[in-house]
$ cat target_25.txt   # compact mmCIF, C-alpha atoms
# COMPACT_ATOMS: atom_id res chain seq x y z
CA MET K 1 46.90 -17.61 10.94
CA VAL K 2 44.36 -14.89 11.68
CA GLU K 3 45.52 -12.06 13.96
CA VAL K 4 42.85 -10.87 16.40
CA TYR K 5 43.24 -7.98 18.85
CA TYR K 6 41.17 -7.28 21.96
CA ASP K 7 41.02 -4.42 24.48
CA ASP K 8 43.95 -5.72 26.53
CA ASP K 9 46.15 -5.87 23.42
CA VAL K 10 45.74 -2.20 22.48
CA ASP K 11 46.82 1.04 24.16
CA LEU K 12 44.42 3.93 23.62
CA LYS K 13 47.23 6.31 24.64
CA GLN K 14 48.43 6.03 21.05
CA LEU K 15 45.77 8.68 20.31
CA GLU K 16 45.89 10.71 23.52
CA SER K 17 47.60 13.72 21.89
CA THR K 18 45.92 13.24 18.53
CA THR K 19 43.04 15.23 17.07
CA VAL K 20 40.81 13.02 14.93
CA ALA K 21 38.82 14.57 12.08
CA VAL K 22 35.73 12.57 11.15
CA ILE K 23 34.91 13.58 7.59
CA GLY K 24 31.18 13.03 7.14
CA TYR K 25 28.53 12.63 9.84
CA GLY K 26 26.49 9.94 8.10
CA SER K 27 25.82 6.31 9.00
CA GLN K 28 29.36 5.44 10.08
CA GLY K 29 30.58 8.96 10.77
CA HIS K 30 28.13 9.77 13.53
CA ALA K 31 28.90 6.50 15.32
CA HIS K 32 32.68 6.88 15.06
CA ALA K 33 32.61 10.48 16.24
CA LYS K 34 30.41 9.81 19.27
CA ASN K 35 32.25 6.64 20.27
CA LEU K 36 35.67 8.29 19.96
CA ARG K 37 34.49 11.25 22.01
CA ASP K 38 33.13 8.96 24.70
CA SER K 39 36.50 7.16 24.70
CA GLY K 40 38.21 10.44 25.61
CA ILE K 41 39.63 11.25 22.18
CA ASP K 42 39.65 14.77 20.74
CA VAL K 43 37.23 14.72 17.79
CA LEU K 44 36.43 17.20 15.05
CA VAL K 45 33.46 16.67 12.74
CA ALA K 46 33.44 17.89 9.15
CA GLU K 47 30.08 18.38 7.43
CA VAL K 48 28.49 20.62 4.83
CA GLU K 49 26.68 23.48 6.53
CA GLY K 50 22.93 23.46 6.09
CA THR K 51 22.60 19.71 5.56
CA GLU K 52 20.60 17.34 7.74
CA ASN K 53 23.82 15.66 8.90
CA TYR K 54 25.27 19.05 9.85
CA ARG K 55 22.22 19.79 11.99
CA LEU K 56 22.43 16.34 13.56
CA ALA K 57 26.08 16.86 14.46
CA VAL K 58 25.21 20.16 16.14
CA LYS K 59 22.37 18.48 18.03
CA ASP K 60 24.83 15.82 19.20
CA GLY K 61 27.11 18.47 20.68
CA PHE K 62 29.69 18.91 17.92
CA GLU K 63 30.70 22.12 16.17
CA PRO K 64 31.09 21.01 12.54
CA VAL K 65 33.69 22.63 10.32
CA THR K 66 34.62 22.26 6.67
CA ALA K 67 36.56 19.19 5.60
CA ARG K 68 39.54 21.37 4.74
CA GLU K 69 39.64 23.01 8.17
CA ALA K 70 39.24 19.64 9.87
CA ALA K 71 42.12 18.18 7.86
CA ASN K 72 44.27 21.17 8.70
CA ARG K 73 43.66 20.89 12.44
CA ALA K 74 43.81 17.10 12.81
CA GLU K 75 46.58 14.53 12.75
CA LEU K 76 44.24 11.66 11.89
CA ILE K 77 41.68 12.13 9.12
CA ALA K 78 38.92 9.52 8.90
CA MET K 79 37.35 9.47 5.43
CA LEU K 80 33.76 8.44 6.14
CA VAL K 81 31.88 10.15 3.32
CA PRO K 82 30.33 7.83 0.68
CA ASP K 83 32.71 5.93 -1.60
CA GLU K 84 31.56 7.73 -4.74
CA VAL K 85 32.43 11.23 -3.43
CA GLN K 86 35.61 10.43 -1.53
CA ARG K 87 37.99 11.17 -4.40
CA THR K 88 36.56 14.66 -4.94
CA VAL K 89 36.54 15.49 -1.23
CA TYR K 90 40.06 14.17 -0.85
CA GLN K 91 41.53 16.06 -3.80
CA GLN K 92 39.80 19.35 -3.08
CA GLU K 93 39.77 19.45 0.71
CA ILE K 94 42.04 16.88 2.33
CA GLU K 95 45.16 16.42 0.22
CA PRO K 96 46.26 20.10 0.35
CA GLU K 97 46.26 19.96 4.17
CA LEU K 98 48.12 16.70 4.75
CA ALA K 99 51.32 16.99 6.75
CA ALA K 100 54.14 14.52 7.25
CA GLY K 101 53.19 11.95 9.88
CA ASP K 102 49.44 12.38 9.47
CA THR K 103 47.18 9.33 9.24
CA LEU K 104 44.60 8.91 6.50
CA LEU K 105 42.00 6.41 7.69
CA PHE K 106 39.23 4.71 5.72
CA GLY K 107 36.14 2.82 6.85
CA HIS K 108 36.07 0.85 3.59
CA GLY K 109 38.94 0.15 1.22
CA PHE K 110 37.18 0.95 -2.07
CA ASN K 111 39.04 4.14 -3.04
CA ILE K 112 42.47 2.77 -2.16
CA ARG K 113 41.86 -0.65 -3.70
CA TYR K 114 40.66 0.86 -6.98
CA TYR K 115 43.27 3.66 -7.10
CA GLN K 116 40.84 6.56 -6.79
CA ILE K 117 42.94 8.03 -3.98
CA GLU K 118 46.74 7.87 -3.96
CA ALA K 119 48.13 9.30 -0.76
CA PRO K 120 51.57 10.93 -0.54
CA ASP K 121 54.42 8.86 0.88
CA LYS K 122 54.65 11.09 3.98
CA VAL K 123 51.40 9.85 5.58
CA ASP K 124 50.11 6.59 7.03
CA VAL K 125 47.18 4.98 5.22
CA VAL K 126 45.07 2.62 7.31
CA LEU K 127 41.70 0.92 7.36
CA VAL K 128 39.29 0.43 10.27
CA ALA K 129 36.12 -1.24 9.00
CA PRO K 130 33.36 -2.13 11.46
CA LYS K 131 31.37 -5.19 10.41
CA GLY K 132 28.02 -3.58 11.01
CA PRO K 133 26.01 -0.44 10.17
CA GLY K 134 26.70 2.77 12.04
CA HIS K 135 23.70 2.70 14.38
CA VAL K 136 24.77 -0.77 15.53
CA VAL K 137 28.37 0.40 16.01
CA ARG K 138 26.99 3.08 18.32
CA SER K 139 24.45 0.97 20.22
CA MET K 140 26.86 -1.93 20.79
CA TYR K 141 29.48 0.51 22.08
CA GLU K 142 26.94 1.92 24.53
CA GLU K 143 26.11 -1.59 25.70
CA GLY K 144 29.80 -2.37 26.25
CA ILE K 145 29.77 -5.14 23.65
CA GLY K 146 31.19 -3.53 20.52
CA VAL K 147 31.11 -4.58 16.88
CA PRO K 148 34.02 -6.56 15.38
CA ASN K 149 36.34 -4.49 13.18
CA LEU K 150 38.80 -5.23 10.41
CA VAL K 151 42.07 -3.28 10.34
CA ALA K 152 44.67 -2.97 7.61
CA VAL K 153 47.75 -0.94 6.79
CA GLU K 154 48.38 0.16 3.21
CA GLN K 155 51.18 2.61 3.94
CA ASP K 156 53.32 2.92 7.07
CA ALA K 157 55.25 6.17 6.89
CA THR K 158 55.67 6.55 10.66
CA GLY K 159 56.28 2.96 11.69
CA GLN K 160 53.22 3.27 13.96
CA ALA K 161 50.40 2.82 11.45
CA LEU K 162 49.09 -0.48 12.84
CA GLN K 163 49.19 0.77 16.42
CA THR K 164 47.27 3.90 15.37
CA ALA K 165 44.65 1.87 13.53
CA LEU K 166 44.20 -0.46 16.48
CA ALA K 167 43.85 2.46 18.89
CA TYR K 168 41.17 3.96 16.66
CA SER K 169 39.42 0.60 16.55
CA LYS K 170 39.49 0.47 20.33
CA GLY K 171 38.16 4.02 20.46
CA ILE K 172 35.04 3.05 18.50
CA GLY K 173 34.56 -0.22 20.41
CA GLY K 174 36.02 -2.67 17.92
CA THR K 175 38.44 -4.38 20.28
CA MET K 176 35.63 -5.17 22.72
CA ALA K 177 34.36 -7.72 20.21
CA GLY K 178 37.66 -8.41 18.45
CA THR K 179 39.58 -6.68 15.68
CA ILE K 180 41.00 -8.79 12.85
CA LYS K 181 44.00 -7.81 10.75
CA THR K 182 43.43 -7.93 7.00
CA THR K 183 44.41 -6.01 3.85
CA PHE K 184 42.66 -3.28 1.88
CA GLU K 185 42.28 -5.70 -1.01
CA GLU K 186 40.73 -8.48 1.07
CA GLU K 187 38.35 -6.16 2.96
CA THR K 188 37.13 -4.43 -0.19
CA GLU K 189 36.63 -7.50 -2.32
CA THR K 190 34.95 -9.63 0.36
CA ASP K 191 32.76 -6.73 1.48
CA LEU K 192 31.47 -6.03 -2.03
CA PHE K 193 30.99 -9.74 -2.68
CA GLY K 194 29.01 -10.23 0.52
CA GLU K 195 26.77 -7.24 -0.21
CA GLN K 196 26.03 -8.32 -3.77
CA VAL K 197 25.72 -12.07 -3.41
CA ILE K 198 24.08 -12.68 -0.02
CA LEU K 199 23.63 -9.80 2.44
CA CYS K 200 21.73 -7.48 0.11
CA GLY K 201 21.50 -8.58 -3.52
CA GLY K 202 21.08 -12.30 -3.07
CA LEU K 203 18.83 -12.06 -0.04
CA THR K 204 16.38 -9.42 -1.27
CA HIS K 205 15.92 -11.04 -4.66
CA LEU K 206 15.45 -14.48 -3.09
CA ILE K 207 12.78 -13.02 -0.77
CA LYS K 208 10.90 -11.41 -3.66
CA ALA K 209 11.14 -14.50 -5.86
CA ALA K 210 9.75 -16.71 -3.09
CA TYR K 211 6.98 -14.20 -2.32
CA GLU K 212 6.00 -13.99 -5.99
CA THR K 213 5.95 -17.79 -6.30
CA LEU K 214 3.41 -18.05 -3.49
CA THR K 215 1.22 -15.12 -4.53
CA ASP K 216 1.24 -16.21 -8.18
CA ALA K 217 -0.04 -19.58 -6.97
CA GLY K 218 -2.97 -17.87 -5.28
CA TYR K 219 -1.83 -17.70 -1.66
CA GLN K 220 -2.67 -14.61 0.40
CA PRO K 221 0.00 -11.87 0.13
CA GLU K 222 -0.02 -11.39 3.92
CA VAL K 223 0.68 -15.08 4.56
CA ALA K 224 3.37 -15.09 1.86
CA TYR K 225 4.98 -12.05 3.52
CA PHE K 226 5.17 -13.83 6.87
CA GLU K 227 6.71 -16.96 5.38
CA CYS K 228 9.19 -15.31 2.99
CA LEU K 229 10.25 -12.17 4.86
CA HIS K 230 8.98 -11.72 8.42
CA GLU K 231 10.18 -15.06 9.78
CA LEU K 232 13.59 -14.56 8.21
CA LYS K 233 14.72 -12.57 11.26
CA LEU K 234 14.00 -15.51 13.55
CA ILE K 235 16.21 -17.78 11.46
CA ILE K 236 18.98 -15.20 11.04
CA ASP K 237 19.03 -14.58 14.80
CA LEU K 238 19.51 -18.31 15.40
CA ILE K 239 22.33 -18.48 12.85
CA TYR K 240 23.93 -15.33 14.32
CA GLU K 241 23.85 -16.79 17.83
CA SER K 242 24.72 -20.44 17.14
CA GLY K 243 25.80 -20.90 13.53
CA ILE K 244 24.02 -22.84 10.82
CA GLN K 245 24.05 -26.12 12.73
CA GLY K 246 22.73 -24.38 15.84
CA MET K 247 19.82 -23.05 13.79
CA ARG K 248 19.10 -26.52 12.45
CA TYR K 249 19.07 -27.87 15.99
CA SER K 250 16.39 -25.33 16.94
CA ILE K 251 13.98 -25.86 14.04
CA SER K 252 11.70 -28.86 13.46
CA ASP K 253 12.99 -32.03 11.83
CA THR K 254 10.58 -31.37 8.98
CA ALA K 255 12.13 -27.94 8.39
CA GLU K 256 15.66 -29.32 8.67
CA TYR K 257 14.95 -32.12 6.18
CA GLY K 258 13.51 -29.56 3.75
CA ASP K 259 16.61 -27.41 4.27
CA LEU K 260 19.04 -30.25 3.60
CA THR K 261 17.23 -31.74 0.60
CA ARG K 262 15.71 -28.71 -1.16
CA GLY K 263 18.28 -26.02 -0.45
CA PRO K 264 20.76 -27.40 -3.03
CA ARG K 265 18.00 -27.17 -5.66
CA ILE K 266 17.82 -23.39 -5.05
CA VAL K 267 21.54 -22.71 -4.84
CA THR K 268 22.67 -24.74 -7.83
CA GLU K 269 25.98 -25.00 -9.67
CA GLN K 270 24.64 -22.33 -12.01
CA THR K 271 24.16 -20.06 -8.96
CA ARG K 272 27.71 -20.75 -7.82
CA GLU K 273 29.04 -20.00 -11.29
CA GLU K 274 27.27 -16.65 -11.25
CA MET K 275 28.82 -15.97 -7.82
CA ARG K 276 32.25 -16.65 -9.29
CA LYS K 277 31.51 -14.23 -12.15
CA ILE K 278 30.47 -11.51 -9.69
CA LEU K 279 33.64 -12.07 -7.67
CA GLY K 280 35.64 -11.78 -10.88
CA GLU K 281 33.98 -8.46 -11.69
CA ILE K 282 34.93 -7.19 -8.23
CA GLN K 283 38.51 -8.43 -8.44
CA SER K 284 39.09 -6.98 -11.91
CA GLY K 285 37.65 -3.58 -11.00
CA GLU K 286 34.78 -3.95 -13.48
CA PHE K 287 32.13 -3.33 -10.83
CA ALA K 288 34.03 -0.33 -9.43
CA ARG K 289 34.31 1.24 -12.89
CA GLU K 290 30.62 0.61 -13.52
CA TRP K 291 29.58 2.20 -10.21
CA LEU K 292 31.86 5.21 -10.61
CA ASN K 293 30.61 5.77 -14.17
CA GLU K 294 27.03 5.49 -12.93
CA ASN K 295 27.72 8.36 -10.54
CA HIS K 296 29.50 10.44 -13.18
CA THR K 297 26.44 10.21 -15.44
CA GLY K 298 23.82 11.15 -12.84
CA ARG K 299 22.88 7.64 -11.66
CA PRO K 300 20.25 6.84 -14.33
CA VAL K 301 20.29 3.05 -13.83
CA PHE K 302 20.48 3.30 -10.04
CA LYS K 303 17.54 5.70 -9.81
CA SER K 304 15.41 3.65 -12.20
CA LEU K 305 16.06 0.38 -10.38
CA ARG K 306 15.50 1.97 -6.96
CA GLU K 307 12.11 3.31 -8.07
CA PHE K 308 11.12 0.02 -9.72
CA HIS K 309 11.89 -2.13 -6.69
CA ALA K 310 10.33 0.34 -4.24
CA SER K 311 6.99 -0.21 -6.01
CA HIS K 312 7.02 -3.99 -5.56
CA PRO K 313 3.78 -5.31 -3.95
CA ILE K 314 5.75 -6.81 -1.05
CA GLU K 315 6.50 -3.26 0.16
CA ALA K 316 2.83 -2.29 0.50
CA VAL K 317 1.98 -5.58 2.19
CA GLY K 318 4.95 -5.15 4.50
CA ARG K 319 3.84 -1.70 5.65
CA LYS K 320 0.40 -3.14 6.42
CA ILE K 321 1.81 -6.07 8.38
CA ARG K 322 4.33 -3.99 10.31
CA GLY K 323 1.57 -1.54 11.19
CA MET K 324 -0.10 -4.37 13.11
CA MET K 325 2.96 -4.70 15.35
CA ASP K 326 3.26 -1.86 17.84
CA TRP K 327 6.63 -3.08 19.05
CA LEU K 328 8.29 -2.62 15.68
CA LYS K 329 10.08 0.63 14.90
CA ASP K 330 9.62 1.01 11.15
CA ARG K 331 11.97 3.86 10.24
CA PHE K 332 10.37 4.10 6.79
CA ALA K 333 6.70 3.72 7.74
CA ASP K 334 5.82 7.05 6.14
CA VAL K 335 7.77 6.45 2.93
CA GLU K 336 5.57 5.71 -0.08
$ encode --input "target_25.txt" --output "structure tokens"
Amino acid sequence: MVEVYYDDDVDLKQLESTTVAVIGYGSQGHAHAKNLRDSGIDVLVAEVEGTENYRLAVKDGFEPVTAREAANRAELIAMLVPDEVQRTVYQQEIEPELAAGDTLLFGHGFNIRYYQIEAPDKVDVVLVAPKGPGHVVRSMYEEGIGVPNLVAVEQDATGQALQTALAYSKGIGGTMAGTIKTTFEEETETDLFGEQVILCGGLTHLIKAAYETLTDAGYQPEVAYFECLHELKLIIDLIYESGIQGMRYSISDTAEYGDLTRGPRIVTEQTREEMRKILGEIQSGEFAREWLNENHTGRPVFKSLREFHASHPIEAVGRKIRGMMDWLKDRFADVE
């Protein structure tokens, strides 16, 4: 049975005499650091001097130090730099400074699940993974709502690893919304699967395929954009608030009938088989090896695909459409 923890289940005093080092002031790092600080926890930020994230940390009232100094001064080290650089940062900066009883915390289980980082027996190894991007983790904390977290314990040297992870989750707002106990393996594999099959990979390619089908048939690109991308938020919001059936209740009977009868023709058994293959690649470590090798060789495939997809006609049409809507905050409006 699932174990869920809320504010009343967790004592923040578990961290009252602990210094937390947030390694990396990026998407998750900035949110964790600011939320922990606002929760009354002593926070150190580690960033590379001269970088944009370093300057942002200073602007936000922190005094960034090197990762090595942060690891030396802290009892809890939160590894929030990107997956592909964590091993190097850990080996060069963090591992030499670990002391018995320290806690090594991850926001995603990738490097533990795929054996890129192997911590010494003397430290706790835990996971606190918010189920949302960093800016949402911050804004939901400020609103007093919070974003649900997953927590896991890989190594419990002190006997207090779970309590420490839960206190950290409370410190960033995770127990406001509910914190679910899991494992590093489950968090990593389901997270990668969700990103690749539906949240990012499946969704973006479905949007583009639908858009191309309409424009290839002669329909106006602007109208195709509205139908295949813009209105998606309205449907997702309904699903987010009320589930799939709640969404179906809110749409027209015509739309619901089309959903129920045509949807299975889009997501076919062949689609499901490909999903199972992708899950297998994640479980076996094939995807992890591919991604790590891609980084070791300078990211040639990644850079090529990023450039190719950024030039898709839907992007130019989207900038035009969003420019018509003063209420939208397009963070990439100036990106060509």
$ closest_atom_pairs --input "target_25.txt" --of "region 1-104 of chain K" --to "region 119-128 of chain K" --cutoff "8 Å" --atoms "all atoms listed in the file" --output "CSV"
residue,atom,partner,partner_atom,distance
K:Glu95,CA,K:Ala119,CA,7.8
K:Leu98,CA,K:Val123,CA,7.6
K:Ala99,CA,K:Val123,CA,7.2
K:Ala100,CA,K:Lys122,CA,4.8
K:Gly101,CA,K:Val123,CA,5.1
K:Asp102,CA,K:Val123,CA,5.0
K:Thr103,CA,K:Asp124,CA,4.6
K:Leu104,CA,K:Val125,CA,4.9
$ residues_around --input "target_25.txt" --residues "His30 (chain K)" --least-positions-apart "6" --cutoff "12 Å" --atoms "only C-alpha atoms" --output "VMD selection string"
chain K and resid 21 to 24 36 to 37 43 to 47 53 to 62 64 78 80 to 81 133 to 139 172
$ closest_residue --input "target_25.txt" --among "K:Gly285, K:Pro221, K:Gly263, K:Gly243" --to "Lys320 (chain K)" --atoms "all atoms listed in the file"
K:Pro221
$ atom_distance --input "target_25.txt" --atom1 "CA of Glu290 (chain K)" --atom2 "CA of Glu93 (chain K)"
25.3 Å
$ atom_distance --input "target_25.txt" --atom1 "CA of Arg87 (chain K)" --atom2 "CA of Gln116 (chain K)"
5.9 Å
$ residues_around --input "target_25.txt" --residues "His230 (chain K)" --least-positions-apart "3" --cutoff "12 Å" --atoms "all atoms listed in the file" --output "list in words"
Ile207, Tyr211, Glu222, Val223, Ala224, Tyr225, Phe226, Glu227, Lys233, Leu234, Ile235, Ile236, Ile314, Val317, Gly318, Arg319, Ile321, Arg322, Met325 and Leu328 of chain K
$ write_last_selection --input "target_25.txt" --atoms "C-alpha atoms" --output "CSV table (one decimal), in the frame of the given file"
chain,number,residue,atom,x,y,z
K,207,ILE,CA,12.8,-13.0,-0.8
K,211,TYR,CA,7.0,-14.2,-2.3
K,222,GLU,CA,0.0,-11.4,3.9
K,223,VAL,CA,0.7,-15.1,4.6
K,224,ALA,CA,3.4,-15.1,1.9
K,225,TYR,CA,5.0,-12.0,3.5
K,226,PHE,CA,5.2,-13.8,6.9
K,227,GLU,CA,6.7,-17.0,5.4
K,233,LYS,CA,14.7,-12.6,11.3
K,234,LEU,CA,14.0,-15.5,13.6
K,235,ILE,CA,16.2,-17.8,11.5
K,236,ILE,CA,19.0,-15.2,11.0
K,314,ILE,CA,5.8,-6.8,-1.0
K,317,VAL,CA,2.0,-5.6,2.2
K,318,GLY,CA,5.0,-5.2,4.5
K,319,ARG,CA,3.8,-1.7,5.6
K,321,ILE,CA,1.8,-6.1,8.4
K,322,ARG,CA,4.3,-4.0,10.3
K,325,MET,CA,3.0,-4.7,15.4
K,328,LEU,CA,8.3,-2.6,15.7
$ closest_residue --input "target_25.txt" --among "K:His32, K:Arg73, K:Arg68, K:Arg248" --to "Ala129 (chain K)" --atoms "all atoms listed in the file"
K:His32
$ residues_around --input "target_25.txt" --residues "region 199-206 of chain K" --least-positions-apart "4" --cutoff "12 Å" --atoms "only C-alpha atoms" --output "list in words"
Gly132, Thr190, Asp191, Leu192, Phe193, Gly194, Glu195, Ala210, Tyr211, Glu212, Thr213, Cys228, Leu229, Leu232, Ile236, Ile266, Val267, Thr271, Arg272, Glu274, Met275, Ile278, His309, Ala310, His312, Ile314 and Glu315 of chain K
$ residues_around --input "target_25.txt" --residues "Asn295 (chain K)" --least-positions-apart "5" --cutoff "12 Å" --atoms "only C-alpha atoms" --output "ChimeraX atom specification"
/K:82-85,288-290,300-303
$ closest_residue --input "target_25.txt" --among "K:Met176, K:Ala67, K:Ala255, K:Val10" --to "Gln91 (chain K)" --atoms "all atoms listed in the file"
K:Ala67
$ closest_residue --input "target_25.txt" --among "K:Gln220, K:Ser304, K:Asn35, K:Ser242" --to "Ser169 (chain K)" --atoms "only C-alpha atoms"
K:Asn35
$ closest_residue --input "target_25.txt" --among "K:Val147, K:Gln163, K:Ile117, K:Val153" --to "Gly178 (chain K)" --atoms "only C-alpha atoms"
K:Val147
$ closest_residue --input "target_25.txt" --among "K:Ala31, K:Val48, K:Asn149, K:Leu214" --to "Val65 (chain K)" --atoms "all atoms listed in the file"
K:Val48
$ atom_distance --input "target_25.txt" --atom1 "CA of Asp326 (chain K)" --atom2 "CA of Thr215 (chain K)"
26.1 Å
$ residues_around --input "target_25.txt" --residues "Gly174 (chain K)" --least-positions-apart "5" --cutoff "10 Å" --atoms "all atoms listed in the file" --output "ChimeraX atom specification"
/K:5-7,128-131,137,140-141,145-151,166-169,179-180
$ write_last_selection --input "target_25.txt" --atoms "C-alpha atoms" --output "mmCIF file, in the frame of the given file"
data_model
loop_
_atom_site.group_PDB
_atom_site.id
_atom_site.type_symbol
_atom_site.label_atom_id
_atom_site.label_comp_id
_atom_site.auth_asym_id
_atom_site.auth_seq_id
_atom_site.Cartn_x
_atom_site.Cartn_y
_atom_site.Cartn_z
ATOM 1 C CA TYR K 5 43.240 -7.980 18.850
ATOM 2 C CA TYR K 6 41.170 -7.280 21.960
ATOM 3 C CA ASP K 7 41.020 -4.420 24.480
ATOM 4 C CA VAL K 128 39.290 0.430 10.270
ATOM 5 C CA ALA K 129 36.120 -1.240 9.000
ATOM 6 C CA PRO K 130 33.360 -2.130 11.460
ATOM 7 C CA LYS K 131 31.370 -5.190 10.410
ATOM 8 C CA VAL K 137 28.370 0.400 16.010
ATOM 9 C CA MET K 140 26.860 -1.930 20.790
ATOM 10 C CA TYR K 141 29.480 0.510 22.080
ATOM 11 C CA ILE K 145 29.770 -5.140 23.650
ATOM 12 C CA GLY K 146 31.190 -3.530 20.520
ATOM 13 C CA VAL K 147 31.110 -4.580 16.880
ATOM 14 C CA PRO K 148 34.020 -6.560 15.380
ATOM 15 C CA ASN K 149 36.340 -4.490 13.180
ATOM 16 C CA LEU K 150 38.800 -5.230 10.410
ATOM 17 C CA VAL K 151 42.070 -3.280 10.340
ATOM 18 C CA LEU K 166 44.200 -0.460 16.480
ATOM 19 C CA ALA K 167 43.850 2.460 18.890
ATOM 20 C CA TYR K 168 41.170 3.960 16.660
ATOM 21 C CA SER K 169 39.420 0.600 16.550
ATOM 22 C CA THR K 179 39.580 -6.680 15.680
ATOM 23 C CA ILE K 180 41.000 -8.790 12.850
#
$ closest_atom_pairs --input "target_25.txt" --of "region 229-329 of chain K" --to "region 183-187 of chain K" --cutoff "12 Å" --atoms "all atoms listed in the file" --output "Markdown table"
| residue | atom | partner | partner_atom | distance |
| --- | --- | --- | --- | --- |
| K:Leu279 | CA | K:Glu186 | CA | 11.8 |
| K:Ile282 | CA | K:Glu185 | CA | 10.4 |
| K:Gln283 | CA | K:Glu185 | CA | 8.8 |
| K:Ser284 | CA | K:Glu185 | CA | 11.4 |
| K:Gly285 | CA | K:Glu185 | CA | 11.2 |
$ decode --input "target_25.txt" --residues "region 218-232 of chain K" --atoms "N, CA, C and O atoms" --output "compact mmCIF listing (two decimals), in the first residue's frame"
# COMPACT_ATOMS: atom_id res chain seq x y z
N GLY K 218 -4.03 21.45 -46.55
CA GLY K 218 -4.40 22.76 -47.04
C GLY K 218 -5.04 23.70 -46.05
O GLY K 218 -5.43 24.82 -46.40
N TYR K 219 -5.14 23.29 -44.78
CA TYR K 219 -5.74 24.17 -43.78
C TYR K 219 -4.73 25.23 -43.34
O TYR K 219 -3.51 25.02 -43.41
N GLN K 220 -5.24 26.37 -42.88
CA GLN K 220 -4.37 27.47 -42.48
C GLN K 220 -3.49 27.05 -41.29
O GLN K 220 -4.00 26.48 -40.32
N PRO K 221 -2.19 27.37 -41.34
CA PRO K 221 -1.29 27.01 -40.23
C PRO K 221 -1.76 27.57 -38.89
O PRO K 221 -1.62 26.91 -37.86
N GLU K 222 -2.30 28.79 -38.89
CA GLU K 222 -2.74 29.41 -37.64
C GLU K 222 -3.90 28.64 -37.02
O GLU K 222 -3.95 28.43 -35.80
N VAL K 223 -4.84 28.20 -37.87
CA VAL K 223 -5.97 27.42 -37.37
C VAL K 223 -5.49 26.06 -36.88
O VAL K 223 -5.93 25.56 -35.83
N ALA K 224 -4.57 25.45 -37.62
CA ALA K 224 -4.01 24.16 -37.20
C ALA K 224 -3.30 24.28 -35.85
O ALA K 224 -3.38 23.39 -35.00
N TYR K 225 -2.60 25.41 -35.66
CA TYR K 225 -1.88 25.64 -34.39
C TYR K 225 -2.87 25.67 -33.23
O TYR K 225 -2.64 25.06 -32.18
N PHE K 226 -3.97 26.41 -33.42
CA PHE K 226 -4.96 26.49 -32.35
C PHE K 226 -5.51 25.10 -32.01
O PHE K 226 -5.61 24.74 -30.83
N GLU K 227 -5.85 24.32 -33.01
CA GLU K 227 -6.49 23.03 -32.77
C GLU K 227 -5.53 21.99 -32.19
O GLU K 227 -5.93 21.16 -31.37
N CYS K 228 -4.27 22.03 -32.62
CA CYS K 228 -3.34 20.94 -32.26
C CYS K 228 -2.40 21.28 -31.12
O CYS K 228 -1.78 20.38 -30.56
N LEU K 229 -2.28 22.57 -30.77
CA LEU K 229 -1.36 22.94 -29.70
C LEU K 229 -2.02 23.86 -28.68
O LEU K 229 -2.06 23.54 -27.49
N HIS K 230 -2.53 24.99 -29.12
CA HIS K 230 -3.03 26.00 -28.17
C HIS K 230 -4.11 25.45 -27.25
O HIS K 230 -4.07 25.66 -26.04
N GLU K 231 -5.09 24.75 -27.81
CA GLU K 231 -6.20 24.27 -27.00
C GLU K 231 -5.82 23.11 -26.08
O GLU K 231 -6.60 22.72 -25.21
N LEU K 232 -4.64 22.57 -26.29
CA LEU K 232 -4.19 21.45 -25.47
C LEU K 232 -4.18 21.82 -23.99
O LEU K 232 -4.55 21.01 -23.13
